[in-house]
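Peer 1: My structure is below; once you've seen it, I'll send some questions.
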Amino acid sequence: MISLTDSQKIGMGLTGFGVFFLFFGMMLFFDKALLAIGNILFVSGLSFVIGLERTFRFFFQRHKVKATSFFLGGVLVVLIGWPIIGVVLEIYGFFLLFRGFFPVAVGFIRRVPLLGSLLGLPGISTLVDKIGESNNMV
């Protein structure tokens, strides 16, 4: 089992609450306050989990400038008060930022007994194959 430091445990909690608030904010018709809280908790939780320096290096790499600008721009747009536009920008930036992780995640999920058979269904398998093999999802 992986051992976590106390700050990483706090980060996992903050990230989990951030995802919960983002999901709950979208379920309540893009509530500005919940989305703003979710964004702040998610980004701060990420920095607790992997550290401030590694978070900064992850977001501000030369080849991730477009993705970072969309993601952080979406956070800013949500904080300003336009939640739907901000969430769309965030989702696009999130997919650009983490597109290298998707093939690893799909490979892992395919080895999980129930989820692996779910990903093998005809309509879903085509989409998952595109996501799983593509490293330049635009």
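Starting from 1 in every chain, residues are counted up; chains themselves are A, B, ... following the order of the structure tokens, and ligands are numbered from 1 as listed.
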Excluding stretch 89-104 of chain A and any residue of its chain fewer than 2 positions from it, enumerate the residues within 8 Å of it, using only C-alpha atoms, and give them as a list of chain:residue names.

Peer 2: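 Within the cut-off, the hits are A:Phe59, A:Lys64, A:Lys66, A:Ala67, A:Thr68, A:Ser69, A:Phe70, A:Phe71, A:Leu72, A:Gly73, A:Gly74, A:Val75, A:Ile85, A:Gly86, A:Val87, A:Val106, A:Gly107, A:Phe108, A:Ile131, A:Gly132, A:Glu133, A:Ser134, A:Asn135, A:Asn136, A:Met137, A:Val138.
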
Peer 1: May I have all residues of stretch 26-124 of chain A that DSSP, computed from the backbone, assigns to alpha helix (DSSP H), given as a PyMOL selection string?

Peer 2: chain A and resi 26-27+32-50+52-59+65-80+83-97+102-111+113-119+122-124

Peer 1: Restricting the calculation to only C-alpha atoms: of A:Leu14, A:Val77, A:Thr126, A:Gly116, which residue gets closest to A:Phe42?

Peer 2: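 Smallest separation from A:Phe42 among the options: A:Leu14.
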
Peer 1: Which residue, A:Leu119, A:Ala105, A:Val112, A:Ile10, has the smallest gap to A:Val49 when you use only C-alpha atoms?

Peer 2: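 That would be A:Ile10, the residue with the smallest distance to A:Val49.
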
Peer 1: Using Å and a single decimal, report how far atom CA of A:Arg54 sits from atom CA of A:Met12.

Peer 2: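 One can read the atom CA of A:Met12 to atom CA of A:Arg54 distance as 15.8 Å.
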
Peer 1: Looking at only C-alpha atoms, which of A:Val78, A:Pro113, A:Thr55, A:Thr5 is the one that sits closest to A:Leu34?

Peer 2: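 For A:Leu34, the nearest of the candidates is A:Val78.
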